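Q: upload-v6.cif is the file, holding mmCIF, C-alpha atoms and all ligand atoms:
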```
data_entry
#
loop_
_atom_site.label_atom_id
_atom_site.label_comp_id
_atom_site.auth_asym_id
_atom_site.auth_seq_id
_atom_site.Cartn_x
_atom_site.Cartn_y
_atom_site.Cartn_z
CA MET I 1 -18.30 12.02 -101.37
CA GLY I 2 -16.59 9.19 -99.56
CA ARG I 3 -13.36 9.11 -97.67
CA ASN I 4 -10.24 9.85 -99.70
CA TYR I 5 -6.77 8.85 -98.61
CA ARG I 6 -3.39 9.40 -100.17
CA ILE I 7 -1.04 6.45 -99.74
CA GLY I 8 2.69 6.68 -100.37
CA ILE I 9 3.97 3.50 -101.99
CA ILE I 10 7.61 2.56 -101.58
CA LYS I 11 8.15 -0.83 -103.18
CA GLY I 12 11.93 -0.96 -102.73
CA ASP I 13 14.12 -3.87 -103.73
CA GLY I 14 14.10 -7.66 -104.03
CA ILE I 15 10.65 -9.10 -103.28
CA GLY I 16 9.43 -5.64 -102.16
CA PRO I 17 7.62 -4.82 -105.44
CA GLU I 18 5.98 -8.27 -105.67
CA VAL I 19 4.53 -8.24 -102.18
CA VAL I 20 3.44 -4.59 -102.28
CA ASP I 21 1.58 -5.20 -105.55
CA GLU I 22 -0.49 -7.89 -103.83
CA ALA I 23 -1.30 -5.60 -100.91
CA ILE I 24 -2.45 -2.91 -103.37
CA LYS I 25 -4.62 -5.50 -105.11
CA VAL I 26 -6.32 -6.28 -101.80
CA LEU I 27 -6.68 -2.61 -100.85
CA ASP I 28 -8.27 -1.83 -104.21
CA ALA I 29 -10.72 -4.71 -103.84
CA LEU I 30 -11.69 -3.40 -100.42
CA SER I 31 -11.99 0.27 -101.25
CA ALA I 32 -14.23 -0.52 -104.19
CA ASN I 33 -16.60 -2.24 -101.79
CA MET I 34 -16.40 -0.10 -98.73
CA GLY I 35 -16.91 3.45 -99.84
CA PHE I 36 -13.44 4.87 -99.52
CA ASN I 37 -10.97 5.89 -102.13
CA LEU I 38 -7.21 5.36 -102.14
CA GLU I 39 -4.88 7.42 -104.26
CA TYR I 40 -1.34 6.08 -104.56
CA GLU I 41 1.86 7.99 -105.02
CA GLU I 42 4.85 5.82 -105.79
CA MET I 43 8.21 6.92 -104.40
CA LEU I 44 11.77 5.64 -104.53
CA MET I 45 13.88 4.40 -101.66
CA GLY I 46 16.64 1.82 -101.23
CA GLY I 47 18.84 0.23 -103.87
CA VAL I 48 16.43 1.11 -106.67
CA ALA I 49 16.75 4.76 -105.63
CA VAL I 50 20.56 4.49 -105.61
CA ASP I 51 20.44 3.12 -109.15
CA GLU I 52 18.05 5.77 -110.42
CA THR I 53 19.08 8.88 -108.48
CA GLY I 54 22.45 8.13 -106.86
CA VAL I 55 21.13 8.25 -103.28
CA PRO I 56 19.07 5.77 -101.22
CA LEU I 57 16.57 8.39 -100.03
CA PRO I 58 15.91 11.10 -102.64
CA ASP I 59 14.56 14.49 -101.53
CA GLU I 60 11.39 13.89 -103.58
CA THR I 61 10.62 10.94 -101.31
CA ILE I 62 11.23 12.94 -98.12
CA GLN I 63 8.87 15.63 -99.45
CA GLY I 64 6.42 13.16 -100.98
CA VAL I 65 5.68 11.21 -97.80
CA LYS I 66 4.66 14.45 -96.09
CA ARG I 67 1.73 14.75 -98.48
CA CYS I 68 0.44 11.27 -97.61
CA ASP I 69 -1.89 9.87 -94.96
CA ALA I 70 0.29 6.77 -94.65
CA VAL I 71 3.13 4.98 -96.38
CA LEU I 72 3.08 1.33 -97.44
CA PHE I 73 6.57 -0.02 -97.82
CA GLY I 74 7.99 -3.33 -99.10
CA ALA I 75 11.65 -4.03 -98.40
CA ILE I 76 15.08 -2.73 -99.33
CA GLY I 77 18.63 -3.96 -99.83
CA GLY I 78 20.50 -6.69 -101.65
CA PRO I 79 24.01 -7.88 -102.47
CA LYS I 80 24.25 -5.45 -105.38
CA TRP I 81 24.50 -2.51 -102.96
CA ASP I 82 26.32 -4.20 -100.06
CA ASN I 83 29.71 -2.75 -100.82
CA LEU I 84 28.67 0.86 -101.14
CA GLU I 85 29.77 3.39 -98.57
CA ARG I 86 27.52 3.32 -95.52
CA HIS I 87 25.63 6.52 -96.33
CA LEU I 88 24.77 5.17 -99.78
CA ARG I 89 23.51 1.81 -98.61
CA PRO I 90 19.78 1.07 -98.94
CA GLU I 91 19.52 0.54 -95.15
CA SER I 92 20.74 4.10 -94.60
CA GLY I 93 17.82 5.29 -96.70
CA LEU I 94 15.33 3.47 -94.50
CA LEU I 95 16.91 4.74 -91.29
CA ALA I 96 16.96 8.31 -92.65
CA LEU I 97 13.31 7.98 -93.70
CA ARG I 98 12.28 6.82 -90.21
CA LYS I 99 14.23 9.67 -88.65
CA SER I 100 12.97 12.36 -91.03
CA MET I 101 9.35 11.24 -90.59
CA GLY I 102 9.75 10.98 -86.81
CA THR I 103 8.27 7.48 -86.63
CA PHE I 104 9.70 6.63 -83.23
CA ALA I 105 7.27 3.88 -82.27
CA ASN I 106 7.62 0.57 -84.07
CA LEU I 107 4.81 -1.87 -83.39
CA ARG I 108 5.60 -5.47 -84.25
CA PRO I 109 2.90 -7.97 -83.41
CA ALA I 110 3.97 -11.60 -83.12
CA MET I 111 0.92 -13.78 -83.21
CA VAL I 112 0.47 -17.41 -84.07
CA TYR I 113 -2.35 -18.32 -86.40
CA ASP I 114 -4.21 -21.38 -85.09
CA GLU I 115 -4.16 -22.68 -88.65
CA LEU I 116 -0.35 -22.72 -88.59
CA VAL I 117 0.55 -24.00 -85.14
CA ASN I 118 2.51 -26.78 -86.78
CA ALA I 119 4.65 -24.40 -88.79
CA SER I 120 6.71 -23.19 -85.86
CA THR I 121 9.97 -24.89 -85.01
CA LEU I 122 8.68 -24.90 -81.42
CA LYS I 123 6.16 -27.33 -79.97
CA GLN I 124 2.50 -26.64 -80.57
CA LYS I 125 1.69 -26.31 -76.86
CA VAL I 126 4.37 -23.62 -76.52
CA VAL I 127 3.19 -21.44 -79.41
CA GLN I 128 -0.57 -21.98 -79.65
CA GLY I 129 -2.31 -18.76 -78.65
CA VAL I 130 0.82 -16.58 -78.63
CA ASP I 131 -0.14 -12.93 -79.07
CA ILE I 132 2.68 -10.51 -78.33
CA MET I 133 3.13 -6.88 -79.29
CA VAL I 134 6.75 -5.76 -79.45
CA VAL I 135 6.99 -1.99 -79.06
CA ARG I 136 10.42 -1.04 -80.34
CA GLU I 137 11.88 2.46 -80.06
CA LEU I 138 12.88 3.27 -83.63
CA THR I 139 14.63 6.62 -83.99
CA GLY I 140 17.15 6.63 -81.13
CA GLY I 141 19.53 4.36 -79.26
CA LEU I 142 22.53 2.60 -80.75
CA TYR I 143 21.37 3.10 -84.34
CA PHE I 144 21.49 6.88 -84.12
CA GLY I 145 23.84 7.62 -81.19
CA GLU I 146 26.55 10.23 -81.65
CA PRO I 147 29.49 10.17 -81.66
CA ARG I 148 30.12 7.26 -83.99
CA GLU I 149 33.22 6.44 -85.94
CA LEU I 150 34.82 3.88 -88.18
CA GLY I 151 38.56 4.27 -87.67
CA VAL I 152 41.47 2.14 -88.73
CA ASP I 153 42.40 0.87 -85.27
CA ARG I 154 39.16 1.56 -83.46
CA ALA I 155 35.49 1.88 -84.24
CA TYR I 156 32.58 2.80 -82.01
CA ASN I 157 28.90 3.54 -81.76
CA THR I 158 27.11 4.98 -78.78
CA MET I 159 23.80 4.07 -77.22
CA VAL I 160 22.11 7.29 -76.24
CA TYR I 161 18.57 7.85 -74.94
CA THR I 162 17.08 11.10 -73.74
CA ARG I 163 14.34 11.34 -71.14
CA GLU I 164 11.89 12.58 -73.75
CA GLU I 165 12.57 9.64 -76.04
CA VAL I 166 12.01 7.07 -73.31
CA VAL I 167 8.90 8.76 -71.95
CA ARG I 168 7.14 8.91 -75.31
CA ILE I 169 7.85 5.29 -76.30
CA ALA I 170 6.90 4.05 -72.82
CA LYS I 171 3.57 5.87 -73.12
CA VAL I 172 2.89 4.16 -76.44
CA ALA I 173 3.53 0.76 -74.85
CA PHE I 174 1.27 1.46 -71.85
CA GLU I 175 -1.52 2.82 -74.04
CA ILE I 176 -1.39 -0.32 -76.18
CA ALA I 177 -1.31 -2.53 -73.08
CA MET I 178 -4.48 -0.81 -71.82
CA LYS I 179 -6.28 -2.13 -74.91
CA ARG I 180 -4.82 -5.62 -74.50
CA ASP I 181 -4.01 -7.75 -71.46
CA LYS I 182 -2.61 -4.81 -69.45
CA ARG I 183 0.91 -6.18 -69.03
CA VAL I 184 4.14 -4.49 -70.09
CA CYS I 185 7.54 -6.16 -69.90
CA SER I 186 10.32 -3.61 -70.39
CA VAL I 187 13.48 -5.22 -71.77
CA ASP I 188 16.89 -3.69 -71.13
CA LYS I 189 20.41 -4.49 -69.96
CA ALA I 190 20.31 -2.44 -66.77
CA ASN I 191 22.77 -4.72 -64.99
CA VAL I 192 25.51 -3.52 -67.33
CA LEU I 193 24.53 -0.35 -69.22
CA GLU I 194 23.90 3.11 -67.74
CA VAL I 195 21.58 3.90 -70.63
CA SER I 196 19.46 0.89 -69.64
CA GLN I 197 19.38 1.90 -65.98
CA PHE I 198 18.13 5.31 -67.14
CA TRP I 199 15.58 3.64 -69.41
CA ARG I 200 14.29 1.48 -66.56
CA GLU I 201 13.96 4.36 -64.09
CA ILE I 202 11.95 6.41 -66.58
CA VAL I 203 9.69 3.50 -67.55
CA ILE I 204 8.90 3.07 -63.83
CA GLU I 205 7.98 6.76 -63.63
CA VAL I 206 5.70 6.56 -66.68
CA ALA I 207 4.04 3.45 -65.24
CA GLU I 208 2.70 5.52 -62.34
CA ASP I 209 0.18 7.01 -64.77
CA TYR I 210 -1.06 3.52 -65.67
CA PRO I 211 -1.86 1.84 -62.33
CA GLU I 212 -3.95 -0.83 -64.07
CA VAL I 213 -0.99 -2.05 -66.10
CA GLU I 214 1.38 -4.57 -64.58
CA LEU I 215 4.99 -3.61 -65.30
CA THR I 216 7.86 -6.10 -65.20
CA HIS I 217 11.48 -5.76 -66.29
CA MET I 218 13.76 -8.28 -67.95
CA TYR I 219 17.35 -8.27 -69.09
CA VAL I 220 17.56 -8.74 -72.82
CA ASP I 221 19.49 -12.01 -72.67
CA ASN I 222 16.90 -13.53 -70.34
CA ALA I 223 14.03 -12.09 -72.42
CA THR I 224 15.39 -13.78 -75.54
CA MET I 225 15.52 -17.07 -73.70
CA GLN I 226 12.03 -16.60 -72.20
CA LEU I 227 10.62 -15.78 -75.62
CA ILE I 228 11.62 -19.23 -76.81
CA ARG I 229 10.94 -21.02 -73.50
CA GLU I 230 7.48 -19.70 -72.69
CA PRO I 231 6.34 -16.98 -75.11
CA LYS I 232 2.79 -16.85 -73.73
CA GLN I 233 4.04 -15.07 -70.61
CA PHE I 234 4.37 -11.87 -72.70
CA ASP I 235 1.71 -9.35 -73.63
CA VAL I 236 3.49 -6.09 -74.57
CA ILE I 237 7.29 -6.02 -74.79
CA LEU I 238 8.71 -2.51 -74.56
CA THR I 239 12.31 -2.09 -75.64
CA GLY I 240 14.94 0.06 -77.35
CA ASN I 241 16.04 0.10 -80.95
CA ILE I 242 18.75 -2.58 -81.15
CA PHE I 243 17.18 -4.97 -78.64
CA GLY I 244 13.84 -4.57 -80.42
CA ASP I 245 15.42 -5.36 -83.77
CA ILE I 246 16.76 -8.65 -82.45
CA LEU I 247 13.80 -9.62 -80.26
CA SER I 248 11.26 -8.99 -82.99
CA ASP I 249 13.07 -11.31 -85.40
CA ALA I 250 13.18 -13.99 -82.71
CA ALA I 251 9.50 -13.43 -81.89
CA SER I 252 8.54 -13.66 -85.54
CA MET I 253 9.68 -17.26 -85.75
CA LEU I 254 7.08 -18.28 -83.18
CA SER I 255 4.58 -17.81 -86.02
CA GLY I 256 6.38 -20.22 -88.31
CA SER I 257 7.46 -17.85 -91.05
CA ILE I 258 8.87 -14.36 -91.11
CA GLY I 259 6.72 -13.96 -94.21
CA LEU I 260 3.58 -13.60 -92.08
CA LEU I 261 4.14 -10.66 -89.79
CA PRO I 262 3.41 -6.97 -90.32
CA SER I 263 4.67 -3.86 -88.61
CA ALA I 264 3.77 -0.24 -88.14
CA SER I 265 6.17 2.61 -87.55
CA THR I 266 4.13 5.33 -85.94
CA GLY I 267 4.27 8.18 -83.48
CA SER I 268 4.26 10.96 -86.07
CA LYS I 269 1.63 12.38 -88.41
CA VAL I 270 2.44 9.91 -91.17
CA GLY I 271 3.28 6.29 -90.35
CA ILE I 272 5.12 3.62 -92.33
CA TYR I 273 3.54 0.18 -92.69
CA GLU I 274 5.79 -2.65 -93.74
CA PRO I 275 6.36 -6.39 -93.47
CA ILE I 276 9.06 -7.24 -90.96
CA HIS I 277 10.93 -9.42 -93.45
CA GLY I 278 13.69 -8.15 -95.70
CA SER I 279 14.07 -8.02 -99.46
CA ALA I 280 14.98 -11.74 -99.83
CA PRO I 281 17.09 -11.24 -102.98
CA ASP I 282 17.54 -15.02 -103.29
CA ILE I 283 13.88 -15.52 -104.18
CA ALA I 284 13.10 -12.14 -105.79
CA GLY I 285 11.40 -12.22 -109.16
CA GLN I 286 10.37 -15.86 -108.88
CA GLY I 287 6.81 -15.15 -107.79
CA ILE I 288 7.12 -17.36 -104.71
CA ALA I 289 7.35 -14.74 -101.94
CA ASN I 290 4.71 -14.77 -99.22
CA PRO I 291 2.68 -11.55 -99.52
CA LEU I 292 0.74 -12.08 -96.28
CA ALA I 293 3.06 -9.94 -94.13
CA THR I 294 2.55 -6.99 -96.47
CA ILE I 295 -1.17 -7.58 -96.83
CA SER I 296 -1.34 -7.71 -93.04
CA SER I 297 0.66 -4.46 -92.90
CA ALA I 298 -1.98 -2.90 -95.15
CA SER I 299 -4.53 -4.01 -92.55
CA MET I 300 -2.53 -2.27 -89.82
CA MET I 301 -2.44 0.83 -92.01
CA LEU I 302 -6.22 0.83 -92.41
CA ARG I 303 -6.65 0.38 -88.67
CA TYR I 304 -4.03 2.71 -87.23
CA ALA I 305 -3.60 5.40 -89.89
CA LEU I 306 -6.98 5.63 -91.61
CA GLY I 307 -9.40 4.44 -88.94
CA GLU I 308 -10.98 2.01 -91.45
CA TYR I 309 -11.50 -0.66 -88.83
CA GLU I 310 -14.06 -2.71 -90.68
CA ALA I 311 -11.85 -2.96 -93.74
CA ALA I 312 -8.90 -3.98 -91.56
CA ASP I 313 -11.01 -6.68 -89.93
CA LYS I 314 -11.94 -8.00 -93.34
CA ILE I 315 -8.29 -8.38 -94.32
CA ASP I 316 -7.46 -10.16 -91.08
CA ALA I 317 -10.39 -12.52 -91.52
CA ALA I 318 -9.47 -13.17 -95.15
CA ILE I 319 -5.90 -14.07 -94.21
CA LYS I 320 -7.17 -16.53 -91.60
CA LYS I 321 -9.61 -18.01 -94.06
CA SER I 322 -6.94 -18.50 -96.72
CA LEU I 323 -4.78 -20.30 -94.17
CA ALA I 324 -7.69 -22.40 -92.96
CA MET I 325 -8.44 -23.40 -96.56
CA GLY I 326 -4.87 -24.64 -96.90
CA TYR I 327 -3.55 -22.08 -99.39
CA ARG I 328 0.16 -21.63 -98.75
CA THR I 329 3.19 -20.07 -100.36
CA GLY I 330 6.25 -22.30 -100.45
CA ASP I 331 7.69 -21.08 -97.13
CA LEU I 332 4.72 -22.73 -95.42
CA GLY I 333 4.24 -25.51 -97.91
CA ALA I 334 5.04 -28.28 -95.46
CA TYR I 335 2.26 -27.31 -93.03
CA ASP I 336 -1.26 -28.54 -93.70
CA ALA I 337 -1.10 -27.21 -97.25
CA LYS I 338 -3.89 -28.03 -99.64
CA GLU I 339 -2.39 -26.05 -102.45
CA ILE I 340 0.97 -24.35 -102.97
CA CYS I 341 0.32 -20.91 -104.40
CA SER I 342 2.35 -18.17 -106.00
CA CYS I 343 2.58 -14.69 -104.54
CA THR I 344 -0.05 -13.36 -106.96
CA GLU I 345 -2.39 -16.29 -106.37
CA ILE I 346 -2.41 -15.57 -102.64
CA GLY I 347 -3.13 -11.91 -103.45
CA ASP I 348 -6.04 -12.98 -105.69
CA ILE I 349 -7.45 -15.27 -103.00
CA ILE I 350 -7.36 -12.58 -100.30
CA ALA I 351 -8.76 -9.94 -102.66
CA ASN I 352 -11.57 -12.30 -103.56
CA TYR I 353 -12.40 -13.07 -99.91
CA VAL I 354 -12.47 -9.42 -98.83
CA CYS I 355 -14.88 -8.64 -101.67
CA LYS I 356 -17.19 -11.51 -100.89
CA SER I 357 -17.43 -10.64 -97.23
CA GLY I 358 -18.07 -6.96 -98.02
CA LYS I 359 -21.53 -5.46 -98.38
CA LYS I 360 -21.93 -2.56 -100.75
CA LYS I 361 -22.20 0.70 -98.85
C1 LIG I 401 14.25 -3.95 -89.45
C2 LIG I 401 15.49 -4.08 -90.28
C3 LIG I 401 16.20 -2.72 -90.30
C4 LIG I 401 16.56 -2.39 -88.87
C5 LIG I 401 17.42 -2.65 -91.24
C6 LIG I 401 17.07 -3.03 -92.65
C7 LIG I 401 18.06 -1.30 -91.20
O1 LIG I 401 16.31 -5.09 -89.80
O2 LIG I 401 13.38 -3.13 -89.80
O3 LIG I 401 14.14 -4.66 -88.45
O4 LIG I 401 17.58 -2.85 -88.37
O5 LIG I 401 15.80 -1.64 -88.24
MG MG I 402 15.41 -6.23 -88.23
#
```
Spell out the structure here as structure tokens.

A:
Amino acid sequence: MGRNYRIGIIKGDGIGPEVVDEAIKVLDALSANMGFNLEYEEMLMGGVAVDETGVPLPDETIQGVKRCDAVLFGAIGGPKWDNLERHLRPESGLLALRKSMGTFANLRPAMVYDELVNASTLKQKVVQGVDIMVVRELTGGLYFGEPRELGVDRAYNTMVYTREEVVRIAKVAFEIAMKRDKRVCSVDKANVLEVSQFWREIVIEVAEDYPEVELTHMYVDNATMQLIREPKQFDVILTGNIFGDILSDAASMLSGSIGLLPSASTGSKVGIYEPIHGSAPDIAGQGIANPLATISSASMMLRYALGEYEAADKIDAAIKKSLAMGYRTGDLGAYDAKEICSCTEIGDIIANYVCKSGKKK
């Protein structure tokens, strides 16, 4: 009886294990209350995988994720592995995992919690109410373009997009916009790059199937500026792999801390849910990391991968409540904090709130 789900757990490096443990704590508290059952399968990826198996993405992990309903991932990388050959670097493991799973659609919400409007480096009136969804193409573009080469006198990468790749990511963005404010801004560099001109033409074609959605286009340099100048003008931002990488980091700072925001890499049978921050080796092991981005990623996983909407809502509400009560990790300590908490304390608080708000089913 009950709903059973198999969750792949990839803790990774640096603060990855600490923040994933807190998300699991919250998931366990929820499942106990809400009539579903989560079975975890831990897998290796990143620097820890290099240390244990010699490669950043072992075959067992590639096979293992296929057996799962979703993957919850922490973070990878650190100075220890920075000087390895490119194919052995932790980042190569993550890119290969995305590619092998086919998770081409990366959803990165950038929202500002009312409770934290003072935490942004921007003025309150600029950020209050910001609610943006960055839809980043994740398995093509400059990251994966061939040919690529590191020579002695010359090095190059190529930005390649196929029609199929642009169509499918554009559809994802329009579908999401239909459930939101029905506005898509496609970001490219069509004034300079052929690949962007191609991207733009295809996005315009796809838009014909979504007459209710307003489509605009922006060059990436202008979009970066607009994101800081007047972020509330955006609803859904649709963009390619490298531009999305940069724009989503910029967008994350509207919220005040990169430690707050989740992401989902979807588009295939199994999706990867992960905080948008990195492994933060400088603070790893100190118990001071902010687990909210990972806990929020677990919420996205419940919503998008498992269809456990009520449970996802409970996590979102619990995060808001913890912020409203003034519980903060150190990254947000200067903003209306009542109490500075450790990573595990925040996990305990959220787990406690999701239980209290849950009725036995
Ligand atoms: C991200 C990260 C990765 C990326 C790195 C770690 C390869 O910056 O998920 O945004 O560039 O995609
Ligand atoms: Mg990035």

Q: May I ask which of the residues I:Leu88, I:Ile283, I:Val187, I:Val19 is the closest one to Ile242 (chain I), counting only C-alpha atoms?

A: I:Val187

Q: Just want the residues within 7 Å of ligand LIG 401 (chain I), written as a list of chain:residue names, counting all atoms listed in the file.

A: I:Ile76, I:Glu91, I:Ser92, I:Leu94, I:Leu95, I:Asp245, I:Ile276, I:Gly278

Q: Write out as a ChimeraX atom specification each polymer residue (protein, DNA or RNA) that has an atom no more than 12 Å from ligand MG 402 (chain I), with all atoms listed in the file counted.

A: /I:75-76,91,94-95,106,108,136,138,143,241-252,258,263,274-279

Q: Counting only C-alpha atoms, which residues have an atom no more than 10 Å from (18.2, -4.6, -72.1) in the file's coordinates? Please list them as a VMD selection string.

A: chain I and resid 186 to 193 195 to 197 199 to 200 217 to 223 239 to 240 242 to 244

Q: Do you know which residues are at most 10 Å from Asp282 (chain I) counting only C-alpha atoms, after dropping those on the same chain fewer than 3 positions away, and could you put them as an NGL selection string?

A: :I and (14-15 or 78-79 or 279 or 285-286)

Q: Can you write just those residues out, C-alpha atoms, as a CSV table (one decimal), keeping the file's coordinate frame?

A:
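Result file part_39.csv:
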```
chain,number,residue,atom,x,y,z
I,14,GLY,CA,14.1,-7.7,-104.0
I,15,ILE,CA,10.6,-9.1,-103.3
I,78,GLY,CA,20.5,-6.7,-101.6
I,79,PRO,CA,24.0,-7.9,-102.5
I,279,SER,CA,14.1,-8.0,-99.5
I,285,GLY,CA,11.4,-12.2,-109.2
I,286,GLN,CA,10.4,-15.9,-108.9
```

Q: Find the distance between CA of Ile349 (chain I) and CA of Leu323 (chain I) and write it in Å to one decimal.

A: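 CA of Ile349 (chain I) sits 10.5 Å away from CA of Leu323 (chain I).
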
Q: Figure out the distance between CA of Leu122 (chain I) and CA of Gly256 (chain I), please, to one decimal in Å.

A: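 One can read the CA of Gly256 (chain I) to CA of Leu122 (chain I) distance as 8.6 Å.
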
Q: Separation of CA of Val203 (chain I) and CA of Ala170 (chain I), in Å?

A: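 We find that CA of Val203 (chain I) and CA of Ala170 (chain I) lie 6.0 Å from each other.
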
Q: Leaving out Cys343 (chain I) and any residue of its chain fewer than 6 positions from it, which residues lie within 12 Å of it when counting only C-alpha atoms, given as JSON, numbers by chain?

A: {"I": [15, 16, 17, 18, 19, 20, 21, 22, 23, 25, 259, 283, 284, 285, 286, 287, 288, 289, 290, 291, 292, 293, 294, 295, 327, 328, 329, 330, 331, 349, 350]}

Q: Taking into account only C-alpha atoms, which residue in the set I:Ser342, I:Ser31, I:Thr103, I:Thr224 is nearest to Lys269 (chain I)?

A: I:Thr103

Q: For Lys314 (chain I), which of I:Met101, I:Leu260, I:Val354, I:Ala337 is the closest residue, counting only C-alpha atoms?

A: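 Using only C-alpha atoms, the shortest distance to Lys314 (chain I) belongs to I:Val354.
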
Q: Can you tell me, as an NGL selection string, what residues are no more than 8 Å from region 113-120 of chain I when counting all atoms listed in the file, ignoring any on the same chain fewer than 5 positions away?

A: :I and (127-129 or 253-257 or 320 or 323-324 or 332 or 334-336)

Q: Would you save the residues of that selection, restricted to C-alpha atoms, as a tab-separated table (two decimals), in the coordinates of the input?

A:
```
chain	number	residue	atom	x	y	z
I	127	VAL	CA	3.19	-21.44	-79.41
I	128	GLN	CA	-0.57	-21.98	-79.65
I	129	GLY	CA	-2.31	-18.76	-78.65
I	253	MET	CA	9.68	-17.26	-85.75
I	254	LEU	CA	7.08	-18.28	-83.18
I	255	SER	CA	4.58	-17.81	-86.02
I	256	GLY	CA	6.38	-20.22	-88.31
I	257	SER	CA	7.46	-17.85	-91.05
I	320	LYS	CA	-7.17	-16.53	-91.60
I	323	LEU	CA	-4.78	-20.30	-94.17
I	324	ALA	CA	-7.69	-22.40	-92.96
I	332	LEU	CA	4.72	-22.73	-95.42
I	334	ALA	CA	5.04	-28.28	-95.46
I	335	TYR	CA	2.26	-27.31	-93.03
I	336	ASP	CA	-1.26	-28.54	-93.70
```

Q: Show me the residues around (-0.2, -11.2, -71.7) - criterion: an atom at most 9 Å away, all atoms listed in the file counted - as a list in words.

A: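 Those residues lying close to the given coordinates are Val130, Asp131, Ile132, Ala177, Arg180, Asp181, Lys182, Arg183, Val184, Lys232, Gln233, Phe234, Asp235 and Val236 of chain I.
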
Q: My list of candidates is I:Arg98, I:Arg86, I:Lys125, I:Arg6. Which is closest to Gly271 (chain I) when distances are computed with all atoms listed in the file?

A: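 Among I:Arg98, I:Arg86, I:Lys125, I:Arg6, it is I:Arg98 that comes nearest to Gly271 (chain I).
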
Q: Excluding Val55 (chain I) and any residue of its chain fewer than 5 positions from it, enumerate the residues within 12 Å of it, using only C-alpha atoms, and give them as a compact mmCIF listing (two decimals) with C-alpha atoms, in the coordinates of the input.

A:
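Listing of selection-v1.txt after writing:
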```txt
# COMPACT_ATOMS: atom_id res chain seq x y z
CA LEU I 44 11.77 5.64 -104.53
CA MET I 45 13.88 4.40 -101.66
CA GLY I 46 16.64 1.82 -101.23
CA GLY I 47 18.84 0.23 -103.87
CA VAL I 48 16.43 1.11 -106.67
CA ALA I 49 16.75 4.76 -105.63
CA VAL I 50 20.56 4.49 -105.61
CA GLU I 60 11.39 13.89 -103.58
CA THR I 61 10.62 10.94 -101.31
CA TRP I 81 24.50 -2.51 -102.96
CA LEU I 84 28.67 0.86 -101.14
CA GLU I 85 29.77 3.39 -98.57
CA ARG I 86 27.52 3.32 -95.52
CA HIS I 87 25.63 6.52 -96.33
CA LEU I 88 24.77 5.17 -99.78
CA ARG I 89 23.51 1.81 -98.61
CA PRO I 90 19.78 1.07 -98.94
CA GLU I 91 19.52 0.54 -95.15
CA SER I 92 20.74 4.10 -94.60
CA GLY I 93 17.82 5.29 -96.70
CA LEU I 94 15.33 3.47 -94.50
CA ALA I 96 16.96 8.31 -92.65
```

Q: Residues within 8 Å of Leu306 (chain I), please, as a ChimeraX atom specification. Count all atoms listed in the file; anything in the same chain fewer than 4 positions from it doesn't count.

A: /I:5,69-70,301-302

Q: Which is closer to Arg168 (chain I) than all the others in I:Thr53, I:Asn83, I:Thr139, I:Asn37, using only C-alpha atoms?

A: I:Thr139

Q: For a quick check of understanding, using only C-alpha atoms, which of I:Lys356, I:Lys171, I:Arg229, I:Arg148 has the smallest distance to Phe104 (chain I)?

A: I:Lys171
